[in-house]
file run-v2.txt (compact mmCIF, C-alpha atoms)
# COMPACT_ATOMS: atom_id res chain seq x y z
CA LEU A 13 -0.51 306.79 211.31
CA ASN A 14 3.22 306.24 211.85
CA PRO A 15 5.25 305.40 208.71
CA VAL A 16 5.59 301.65 208.29
CA ALA A 17 9.13 300.45 208.98
CA GLY A 18 11.09 300.01 205.75
CA LEU A 19 8.47 301.77 203.59
CA PRO A 20 10.33 305.14 203.36
CA ALA A 21 13.44 303.39 202.10
CA ALA A 22 11.44 301.54 199.43
CA ARG A 23 9.80 304.76 198.31
CA GLU A 24 13.20 306.46 198.20
CA ARG A 25 14.52 303.75 195.89
CA LEU A 26 11.41 304.03 193.69
CA ALA A 27 11.83 307.79 193.52
CA ARG A 28 15.37 307.61 192.15
CA PRO A 29 15.62 308.31 188.40
CA ASP A 30 17.08 304.87 187.69
CA ALA A 31 14.25 303.17 189.64
CA ALA A 32 11.61 305.23 187.87
CA GLU A 33 13.06 304.11 184.58
CA ALA A 34 13.14 300.48 185.69
CA LEU A 35 9.46 300.31 186.74
CA ALA A 36 6.58 300.94 184.42
CA PRO A 37 3.83 303.23 185.79
CA ALA A 38 1.37 300.34 186.32
CA VAL A 39 4.06 298.32 188.12
CA ARG A 40 5.01 301.32 190.24
CA ARG A 41 1.38 301.79 191.33
CA LEU A 42 1.04 298.13 192.37
CA VAL A 43 4.29 298.21 194.33
CA GLU A 44 3.34 301.36 196.21
CA GLU A 45 -0.24 300.22 196.79
CA HIS A 46 0.88 296.94 198.39
CA ARG A 47 3.97 298.41 200.03
CA LEU A 48 6.35 295.95 198.40
CA ASP A 49 10.14 296.00 198.16
CA PRO A 50 10.98 295.78 194.42
CA ALA A 51 14.22 294.05 195.31
CA ALA A 52 12.23 291.08 196.66
CA ILE A 53 10.38 290.57 193.36
CA ARG A 54 12.02 288.50 190.62
CA GLY A 55 11.70 290.35 187.33
CA THR A 56 11.10 288.42 184.11
CA GLY A 57 11.04 291.36 181.72
CA ARG A 58 13.83 292.62 179.43
CA ASP A 59 17.09 293.14 181.36
CA GLY A 60 15.42 291.68 184.44
CA ARG A 61 12.83 294.42 184.75
CA ILE A 62 9.76 293.80 186.89
CA THR A 63 6.51 293.44 184.99
CA LYS A 64 2.95 293.79 186.21
CA GLU A 65 2.55 290.01 185.95
CA ASP A 66 5.63 289.56 188.18
CA VAL A 67 4.01 291.70 190.90
CA LEU A 68 0.68 289.88 190.65
CA ARG A 69 2.42 286.50 190.76
CA PHE A 70 4.36 287.65 193.80
CA LEU A 71 1.16 288.67 195.56
CA ALA A 72 -0.73 285.50 194.57
CA GLN A 73 2.05 283.31 195.99
CA GLY A 74 1.68 285.03 199.32
CA GLU A 75 5.28 286.13 199.53
CA PRO A 76 6.11 288.18 202.63
CA PRO A 77 6.34 291.94 202.22
CA ALA A 78 9.57 293.87 202.49
CA GLN A 79 11.62 293.27 205.65
CA GLY A 80 10.06 294.90 208.69
CA GLU A 81 6.75 295.74 207.02
CA PRO A 82 3.44 294.25 208.22
CA GLU A 83 1.37 291.90 206.12
CA PRO A 84 -0.87 293.86 203.76
CA ALA A 85 -4.40 294.28 205.05
CA GLU A 86 -5.86 292.71 201.91
CA LYS A 87 -4.57 290.28 199.34
CA PRO A 88 -5.95 289.90 195.82
CA ALA A 89 -8.17 286.87 195.77
CA ALA A 90 -11.37 285.59 194.31
CA ALA A 91 -14.31 287.88 194.89
CA PRO A 92 -15.96 287.01 198.20
CA ALA A 93 -19.39 285.43 198.16
CA PRO A 94 -22.19 287.91 198.85
CA PRO A 95 -23.08 287.97 202.53
CA ALA A 96 -26.05 285.89 203.59
CA PRO A 97 -29.09 287.96 204.55
CA ALA A 98 -28.99 288.82 208.20
CA PRO A 99 -31.53 286.92 210.30
CA PRO A 100 -34.19 289.01 212.02
CA PRO A 101 -32.99 290.32 215.33
CA PRO A 102 -33.90 287.98 218.17
CA VAL A 103 -36.67 289.20 220.42
CA GLU A 104 -36.90 288.28 224.05
CA GLY A 105 -39.36 285.45 224.59
CA GLY A 106 -39.13 284.20 221.00
CA GLN A 107 -41.53 286.84 219.64
CA VAL A 108 -41.26 289.07 216.60
CA ARG A 109 -43.32 292.24 216.33
CA ARG A 110 -44.29 293.92 213.06
CA PRO A 111 -46.70 296.78 212.38
CA LEU A 112 -50.12 296.23 210.86
CA THR A 113 -50.31 297.15 207.19
CA PRO A 114 -52.74 300.00 206.48
CA ILE A 115 -55.24 297.70 204.77
CA ARG A 116 -55.05 295.11 207.59
CA ALA A 117 -55.57 297.88 210.14
CA ARG A 118 -58.65 299.04 208.18
CA ILE A 119 -60.02 295.47 208.06
CA ALA A 120 -59.50 295.12 211.81
CA GLU A 121 -61.30 298.40 212.41
CA ARG A 122 -64.28 297.38 210.27
CA LEU A 123 -64.58 293.94 211.88
CA LEU A 124 -64.48 295.40 215.37
CA LEU A 125 -67.13 297.95 214.37
CA SER A 126 -69.33 295.11 213.12
CA ARG A 127 -69.13 293.26 216.41
CA GLN A 128 -69.76 296.38 218.47
CA SER A 129 -72.61 297.85 216.44
CA THR A 130 -74.74 294.82 215.45
CA ALA A 131 -76.46 291.91 217.15
CA THR A 132 -75.12 289.25 214.80
CA LEU A 133 -76.68 285.80 214.53
CA THR A 134 -75.90 283.05 211.98
CA THR A 135 -78.31 280.49 210.54
CA PHE A 136 -77.28 277.52 208.40
CA THR A 137 -78.82 275.29 205.76
CA GLU A 138 -77.61 272.81 203.13
CA CYS A 139 -77.92 273.21 199.39
CA ASP A 140 -77.82 270.49 196.71
CA CYS A 141 -75.58 271.83 193.93
CA GLY A 142 -76.14 268.91 191.55
CA GLU A 143 -78.25 270.80 188.99
CA VAL A 144 -75.83 273.72 188.80
CA ALA A 145 -72.89 271.31 188.53
CA ALA A 146 -74.63 269.54 185.63
CA LEU A 147 -75.29 272.86 183.84
CA ARG A 148 -71.66 273.90 184.26
CA ALA A 149 -70.39 270.57 182.92
CA LEU A 150 -72.78 270.74 179.93
CA TYR A 151 -72.25 274.37 178.91
CA ARG A 152 -68.86 275.36 180.36
CA GLU A 153 -66.93 275.50 177.09
CA GLU A 154 -69.74 277.12 175.09
CA PHE A 155 -70.30 279.72 177.83
CA LYS A 156 -66.60 280.61 177.94
CA ALA A 157 -66.40 280.90 174.15
CA ARG A 158 -69.50 283.09 173.93
CA HIS A 159 -69.04 285.34 176.96
CA GLY A 160 -65.27 285.31 177.53
CA VAL A 161 -65.42 284.24 181.19
CA PRO A 162 -65.77 280.88 182.96
CA LEU A 163 -69.18 279.74 184.18
CA GLY A 164 -68.74 279.55 187.94
CA TYR A 165 -70.96 278.93 190.95
CA MET A 166 -70.85 282.51 192.22
CA GLY A 167 -73.02 283.88 189.40
CA PHE A 168 -75.83 281.51 190.39
CA PHE A 169 -75.60 282.56 194.04
CA VAL A 170 -75.63 286.26 193.14
CA LYS A 171 -78.80 285.74 191.10
CA ALA A 172 -80.30 283.61 193.89
CA VAL A 173 -79.56 286.31 196.49
CA CYS A 174 -81.12 289.01 194.29
CA ASP A 175 -84.26 286.88 193.99
CA ALA A 176 -84.39 286.33 197.76
CA LEU A 177 -83.78 290.01 198.56
CA ARG A 178 -86.80 290.99 196.47
CA ALA A 179 -88.88 288.54 198.53
CA PHE A 180 -87.36 289.57 201.89
CA PRO A 181 -86.35 293.24 201.60
CA ASP A 182 -85.45 293.58 205.29
CA LEU A 183 -82.16 291.83 204.46
CA ASN A 184 -81.48 294.65 201.98
CA SER A 185 -82.04 297.24 204.73
CA TRP A 186 -80.24 298.38 207.87
CA ILE A 187 -80.73 300.29 211.10
CA GLU A 188 -79.49 303.86 211.29
CA GLY A 189 -80.11 305.44 214.66
CA ALA A 190 -83.83 305.07 215.40
CA GLU A 191 -84.72 304.46 211.73
CA ILE A 192 -84.76 301.56 209.27
CA VAL A 193 -83.13 302.44 205.95
CA GLU A 194 -84.81 300.49 203.14
CA ASN A 195 -82.69 300.13 200.00
CA ARG A 196 -84.83 299.88 196.88
CA GLU A 197 -81.76 299.05 194.76
CA ILE A 198 -79.71 295.86 195.10
CA HIS A 199 -75.92 296.24 195.12
CA ILE A 200 -74.11 293.00 195.99
CA GLY A 201 -70.62 293.04 197.49
CA VAL A 202 -68.56 289.95 196.57
CA ALA A 203 -65.56 289.28 198.82
CA VAL A 204 -62.24 288.86 197.00
CA ALA A 205 -59.09 287.62 198.74
CA ALA A 206 -55.88 289.27 197.54
CA GLU A 207 -52.30 289.47 198.72
CA GLN A 208 -52.92 292.76 200.51
CA GLY A 209 -56.05 291.49 202.31
CA LEU A 210 -59.77 290.95 201.81
CA ALA A 211 -61.70 293.42 199.66
CA VAL A 212 -65.42 293.53 198.84
CA PRO A 213 -66.04 295.20 195.46
CA VAL A 214 -69.68 295.88 194.63
CA LEU A 215 -71.83 294.68 191.70
CA ARG A 216 -74.12 297.65 191.05
CA HIS A 217 -77.76 296.85 190.30
CA ALA A 218 -76.95 293.14 190.41
CA ASP A 219 -80.63 292.23 190.00
CA ARG A 220 -80.67 293.90 186.58
CA LEU A 221 -77.70 291.88 185.28
CA SER A 222 -77.98 288.63 183.37
CA LEU A 223 -75.98 285.63 184.54
CA PRO A 224 -73.22 286.22 181.94
CA GLU A 225 -73.07 289.91 182.92
CA VAL A 226 -72.73 288.95 186.58
CA GLU A 227 -69.85 286.56 185.80
CA ARG A 228 -68.07 289.20 183.68
CA GLU A 229 -68.44 291.86 186.37
CA ILE A 230 -67.17 289.53 189.09
CA ALA A 231 -64.12 288.67 186.97
CA ARG A 232 -63.45 292.34 186.20
CA LEU A 233 -63.67 293.48 189.82
CA ALA A 234 -61.61 290.57 191.13
CA ALA A 235 -58.85 291.39 188.64
CA ARG A 236 -58.86 295.05 189.71
CA VAL A 237 -58.54 294.05 193.36
CA ARG A 238 -55.62 291.70 192.71
CA GLU A 239 -53.89 294.25 190.48
CA LYS A 240 -54.38 296.90 193.22
CA LYS A 241 -56.36 299.11 190.84
CA VAL A 242 -59.75 298.95 192.56
CA THR A 243 -61.17 302.34 193.55
CA LEU A 244 -62.94 303.45 196.70
CA GLU A 245 -66.12 303.93 194.68
CA GLU A 246 -65.98 300.30 193.52
CA LEU A 247 -65.72 299.19 197.16
CA SER A 248 -68.56 301.37 198.45
CA GLY A 249 -72.35 301.29 198.41
CA GLY A 250 -73.07 297.59 198.86
CA THR A 251 -76.44 296.64 200.38
CA PHE A 252 -75.72 292.90 200.93
CA SER A 253 -72.56 290.77 200.71
CA ILE A 254 -71.49 287.27 199.68
CA THR A 255 -68.26 285.59 200.77
CA ASN A 256 -66.94 282.33 199.37
CA ALA A 257 -64.66 280.67 201.91
CA GLY A 258 -65.39 277.36 200.19
CA SER A 259 -62.92 278.21 197.44
CA TYR A 260 -60.19 277.72 200.09
CA GLY A 261 -61.59 274.43 201.37
CA ALA A 262 -63.64 275.71 204.31
CA LEU A 263 -66.69 273.54 205.06
CA MET A 264 -68.55 275.92 207.38
CA GLY A 265 -68.17 279.32 208.99
CA THR A 266 -69.91 282.33 210.50
CA PRO A 267 -69.43 285.35 208.21
CA ILE A 268 -69.09 288.79 209.81
CA LEU A 269 -71.41 291.57 208.71
CA ASN A 270 -70.03 294.41 206.62
CA PRO A 271 -71.50 297.52 208.32
CA PRO A 272 -73.99 299.05 207.83
CA GLN A 273 -75.37 296.01 205.98
CA SER A 274 -77.72 293.65 207.80
CA GLY A 275 -76.92 290.44 205.93
CA ILE A 276 -74.06 288.41 204.46
CA LEU A 277 -74.20 284.98 202.85
CA GLY A 278 -71.30 282.54 203.21
CA THR A 279 -70.84 279.76 200.64
CA TYR A 280 -68.60 276.81 201.42
CA ALA A 281 -66.91 273.79 199.87
CA ILE A 282 -69.07 271.22 198.08
CA GLN A 283 -68.95 267.71 199.54
CA GLU A 284 -70.33 264.45 198.25
CA LYS A 285 -72.92 263.35 200.86
CA PRO A 286 -75.58 260.64 201.11
CA VAL A 287 -79.06 262.20 201.04
CA VAL A 288 -82.59 260.84 200.72
CA ARG A 289 -84.40 261.59 197.45
CA ASN A 290 -87.82 260.03 196.78
CA GLY A 291 -87.27 257.43 199.47
CA GLN A 292 -83.86 256.45 198.10
CA VAL A 293 -80.41 257.18 199.55
CA VAL A 294 -78.27 258.81 196.87
CA VAL A 295 -74.95 260.64 196.87
CA ARG A 296 -75.25 264.33 196.00
CA PRO A 297 -72.86 267.35 195.92
CA VAL A 298 -73.93 269.34 198.98
CA MET A 299 -72.85 272.78 200.15
CA VAL A 300 -73.41 274.43 203.53
CA LEU A 301 -74.83 277.96 203.32
CA ALA A 302 -74.47 280.35 206.26
CA LEU A 303 -76.46 283.56 206.64
CA SER A 304 -75.23 286.06 209.22
CA TYR A 305 -77.69 288.85 209.94
CA ASP A 306 -78.44 291.69 212.35
CA HIS A 307 -80.92 290.19 214.77
CA ARG A 308 -82.16 293.67 215.74
CA LEU A 309 -83.85 293.89 212.34
CA ILE A 310 -84.20 290.31 211.06
CA ASP A 311 -85.66 287.47 213.07
CA GLY A 312 -84.91 283.77 212.75
CA LYS A 313 -88.01 283.03 210.69
CA THR A 314 -87.09 285.55 208.00
CA ALA A 315 -83.50 284.33 207.96
CA GLY A 316 -84.58 280.71 207.56
CA LEU A 317 -87.00 281.51 204.73
CA PHE A 318 -84.39 283.66 202.98
CA LEU A 319 -81.85 280.82 203.11
CA ARG A 320 -84.38 278.29 201.87
CA ARG A 321 -85.24 280.52 198.90
CA VAL A 322 -81.58 280.90 197.98
CA ALA A 323 -81.09 277.12 198.19
CA ASP A 324 -84.24 276.43 196.11
CA PHE A 325 -83.03 278.78 193.38
CA VAL A 326 -79.66 276.98 193.17
CA GLU A 327 -81.21 273.51 193.42
CA HIS A 328 -83.70 274.26 190.60
CA PRO A 329 -82.08 276.94 188.39
CA GLY A 330 -84.50 276.18 185.55
CA ARG A 331 -87.38 277.63 187.57
CA ALA A 332 -85.69 281.01 187.60
CA LEU A 333 -85.51 280.99 183.80
CA LEU A 334 -89.24 280.20 183.64
CA GLU A 335 -90.01 282.65 186.49
CA ILE A 336 -92.02 280.10 188.47

call {"tool": "encode", "arguments": {"input": "run-v2.txt", "output": "structure tokens"}}
result
Amino acid sequence: LNPVAGLPAARERLARPDAAEALAPAVRRLVEEHRLDPAAIRGTGRDGRITKEDVLRFLAQGEPPAQGEPEPAEKPAAAPAPPAPAPPPPVEGGQVRRPLTPIRARIAERLLLSRQSTATLTTFTECDCGEVAALRALYREEFKARHGVPLGYMGFFVKAVCDALRAFPDLNSWIEGAEIVENREIHIGVAVAAEQGLAVPVLRHADRLSLPEVEREIARLAARVREKKVTLEELSGGTFSITNAGSYGALMGTPILNPPQSGILGTYAIQEKPVVRNGQVVVRPVMVLALSYDHRLIDGKTAGLFLRRVADFVEHPGRALLEI
């Protein structure tokens, strides 16, 4: 860059022995940094010497620089506010594109595989949840104190599904090539929604677990999913699945099979509905149940009977305790 007009003369004055004596080192640095003419600054120190405060006051008042010199590029001022975050770059047509996350890409792959590899059909029924609701209201606090987890609805549905799978084992089986694979053990996958996407951890040997053990295992696996600590082993090996869209307010839906499984039960929000009981119209808490299944292996009759058995278990939970 070319020397600024007037700056060499100012530097020459500052370099003289008398000038060096007149300006303290801190004052000298400020004057040179801002390319000021010391003669233009009124000194308030002893014998009229320029102090650091004199230079700062001079700059704060916005006094012009030495004759012939340009305005300084920057002036001391309050710290600027941090810049606002830049808006996303506009995209032609008002669209924004972002890549799929790895877990969302995996979910998409699995769902597409389900549609392409199974003949999915969904059958519905309604379930009266009044008896379970009464049990929860009566024993909720005692259950939590004794077992350390809340008494929810999902534990009852897991036990009901295990009971129905023993009666209708085709729903615990699947087709592999030209063969039917019959699973003699019952491992129930329970869908858990988390920030990173939907995961289906598996309750091993769910039919061997008591209701409190089922509730504890569901709580443990759900926490591991949400804390992103769940392992591949905990997500693998399910033979049947349950999904609870009702916890998000959904009233009805058609669950998608989790390959290679042949069945998945969807539970939905409970609604107060008028129903007929013993010739009387009464209001009861009713839930829609949806069973999606592979129609290549399970026919409509089996699906309907399976659903009815699940609903009967939930509507009369005392029967299960008496094994009748």

call {"tool": "residues_around", "arguments": {"input": "run-v2.txt", "residues": "Thr251 in chain A", "least_positions_apart": "4", "cutoff": "6 Å", "atoms": "all atoms listed in the file", "output": "list in words"}}
result
Asn184, His199 and Gln273 of chain A

call {"tool": "residues_near_point", "arguments": {"input": "run-v2.txt", "point": "(-86.5, 299.5, 194.9)", "cutoff": "10 Å", "atoms": "all atoms listed in the file", "output": "list of chain:residue names"}}
result
A:Arg178, A:Pro181, A:Asn184, A:Glu194, A:Asn195, A:Arg196, A:Glu197, A:Ile198

call {"tool": "closest_residue", "arguments": {"input": "run-v2.txt", "among": "A:Glu207, A:His217, A:Val161, A:Glu284", "to": "Ala231 in chain A", "atoms": "only C-alpha atoms"}}
result
A:Val161

call {"tool": "atom_distance", "arguments": {"input": "run-v2.txt", "atom1": "CA of Ala145 in chain A", "atom2": "CA of His159 in chain A"}}
result
18.6 Å

call {"tool": "closest_residue", "arguments": {"input": "run-v2.txt", "among": "A:Val212, A:Val204, A:Leu133, A:Ala332", "to": "His307 in chain A", "atoms": "only C-alpha atoms"}}
result
A:Leu133

call {"tool": "residues_around", "arguments": {"input": "run-v2.txt", "residues": "Glu327 in chain A", "least_positions_apart": "5", "cutoff": "10 Å", "atoms": "all atoms listed in the file", "output": "number ranges by chain"}}
result
A: 139-145, 321-322

call {"tool": "closest_residue", "arguments": {"input": "run-v2.txt", "among": "A:Lys171, A:Leu42, A:Asp49, A:Ile310", "to": "Glu65 in chain A", "atoms": "only C-alpha atoms"}}
result
A:Leu42

call {"tool": "closest_residue", "arguments": {"input": "run-v2.txt", "among": "A:Ala36, A:Ala51, A:Leu277, A:Leu215", "to": "Val173 in chain A", "atoms": "only C-alpha atoms"}}
result
A:Leu277

call {"tool": "residues_around", "arguments": {"input": "run-v2.txt", "residues": "Arg308 in chain A", "least_positions_apart": "6", "cutoff": "9 Å", "atoms": "only C-alpha atoms", "output": "PyMOL selection string"}}
result
chain A and resi 130-132+187

call {"tool": "write_last_selection", "arguments": {"input": "run-v2.txt", "atoms": "C-alpha atoms", "output": "compact mmCIF listing (two decimals), keeping the file's coordinate frame"}}
result
# COMPACT_ATOMS: atom_id res chain seq x y z
CA THR A 130 -74.74 294.82 215.45
CA ALA A 131 -76.46 291.91 217.15
CA THR A 132 -75.12 289.25 214.80
CA ILE A 187 -80.73 300.29 211.10

call {"tool": "atom_distance", "arguments": {"input": "run-v2.txt", "atom1": "CA of Ala206 in chain A", "atom2": "CA of Val326 in chain A"}}
result
27.1 Å

call {"tool": "closest_residue", "arguments": {"input": "run-v2.txt", "among": "A:Glu45, A:Asp175, A:Glu246, A:Asp66", "to": "Ile230 in chain A", "atoms": "only C-alpha atoms"}}
result
A:Glu246

call {"tool": "atom_distance", "arguments": {"input": "run-v2.txt", "atom1": "CA of Val170 in chain A", "atom2": "CA of Arg127 in chain A"}}
result
25.2 Å

call {"tool": "decode", "arguments": {"input": "run-v2.txt", "residues": "range 241-252 of chain A", "atoms": "all heavy atoms", "output": "compact mmCIF listing (two decimals), in the first residue's frame"}}
result
# COMPACT_ATOMS: atom_id res chain seq x y z
N LYS A 241 -28.55 -46.33 23.75
CA LYS A 241 -27.66 -47.38 24.25
C LYS A 241 -28.11 -48.78 23.83
O LYS A 241 -27.45 -49.76 24.17
CB LYS A 241 -27.59 -47.31 25.78
CG LYS A 241 -26.97 -46.03 26.33
CD LYS A 241 -26.96 -46.03 27.85
CE LYS A 241 -26.33 -44.77 28.40
NZ LYS A 241 -26.36 -44.75 29.89
N VAL A 242 -29.23 -48.88 23.14
CA VAL A 242 -29.76 -50.19 22.77
C VAL A 242 -28.79 -50.87 21.79
O VAL A 242 -28.19 -50.22 20.93
CB VAL A 242 -31.17 -50.05 22.16
CG1 VAL A 242 -31.14 -49.35 20.81
CG2 VAL A 242 -31.86 -51.41 22.05
N THR A 243 -28.65 -52.18 21.94
CA THR A 243 -27.73 -52.94 21.09
C THR A 243 -28.48 -53.64 19.96
O THR A 243 -29.70 -53.80 20.02
CB THR A 243 -26.97 -53.99 21.91
OG1 THR A 243 -27.91 -54.96 22.41
CG2 THR A 243 -26.25 -53.33 23.08
N LEU A 244 -27.72 -54.07 18.95
CA LEU A 244 -28.31 -54.80 17.84
C LEU A 244 -28.95 -56.09 18.33
O LEU A 244 -30.02 -56.49 17.85
CB LEU A 244 -27.25 -55.09 16.78
CG LEU A 244 -27.74 -55.80 15.52
CD1 LEU A 244 -28.79 -54.98 14.80
CD2 LEU A 244 -26.56 -56.11 14.59
N GLU A 245 -28.34 -56.74 19.30
CA GLU A 245 -28.90 -57.97 19.84
C GLU A 245 -30.27 -57.73 20.49
O GLU A 245 -31.18 -58.56 20.37
CB GLU A 245 -27.94 -58.57 20.87
CG GLU A 245 -28.41 -59.90 21.45
CD GLU A 245 -27.45 -60.47 22.47
OE1 GLU A 245 -26.40 -59.84 22.70
OE2 GLU A 245 -27.74 -61.55 23.03
N GLU A 246 -30.42 -56.58 21.16
CA GLU A 246 -31.69 -56.26 21.81
C GLU A 246 -32.78 -55.91 20.80
O GLU A 246 -33.96 -55.93 21.13
CB GLU A 246 -31.50 -55.10 22.79
CG GLU A 246 -30.69 -55.48 24.01
CD GLU A 246 -30.32 -54.28 24.87
OE1 GLU A 246 -30.02 -53.20 24.30
OE2 GLU A 246 -30.32 -54.42 26.11
N LEU A 247 -32.38 -55.62 19.57
CA LEU A 247 -33.35 -55.28 18.52
C LEU A 247 -33.64 -56.45 17.60
O LEU A 247 -34.46 -56.32 16.69
CB LEU A 247 -32.82 -54.10 17.69
CG LEU A 247 -32.64 -52.77 18.42
CD1 LEU A 247 -31.92 -51.78 17.52
CD2 LEU A 247 -33.98 -52.19 18.85
N SER A 248 -32.99 -57.58 17.82
CA SER A 248 -33.08 -58.71 16.89
C SER A 248 -33.80 -59.89 17.53
O SER A 248 -33.86 -60.02 18.76
CB SER A 248 -31.69 -59.15 16.46
OG SER A 248 -30.97 -58.07 15.90
N GLY A 249 -34.35 -60.76 16.67
CA GLY A 249 -34.89 -62.03 17.12
C GLY A 249 -36.35 -62.03 17.50
O GLY A 249 -36.84 -63.04 18.02
N GLY A 250 -37.07 -60.96 17.25
CA GLY A 250 -38.50 -60.94 17.58
C GLY A 250 -39.29 -61.90 16.70
O GLY A 250 -38.96 -62.10 15.52
N THR A 251 -40.35 -62.49 17.26
CA THR A 251 -41.21 -63.39 16.48
C THR A 251 -42.60 -62.79 16.24
O THR A 251 -43.36 -63.31 15.41
CB THR A 251 -41.37 -64.74 17.21
OG1 THR A 251 -41.95 -64.53 18.50
CG2 THR A 251 -40.01 -65.42 17.37
N PHE A 252 -42.94 -61.72 16.96
CA PHE A 252 -44.21 -61.00 16.79
C PHE A 252 -43.99 -59.61 17.38
O PHE A 252 -43.15 -59.43 18.26
CB PHE A 252 -45.34 -61.73 17.54
CG PHE A 252 -46.72 -61.18 17.29
CD1 PHE A 252 -47.53 -61.72 16.30
CD2 PHE A 252 -47.22 -60.12 18.05
CE1 PHE A 252 -48.80 -61.21 16.07
CE2 PHE A 252 -48.49 -59.61 17.83
CZ PHE A 252 -49.28 -60.16 16.83
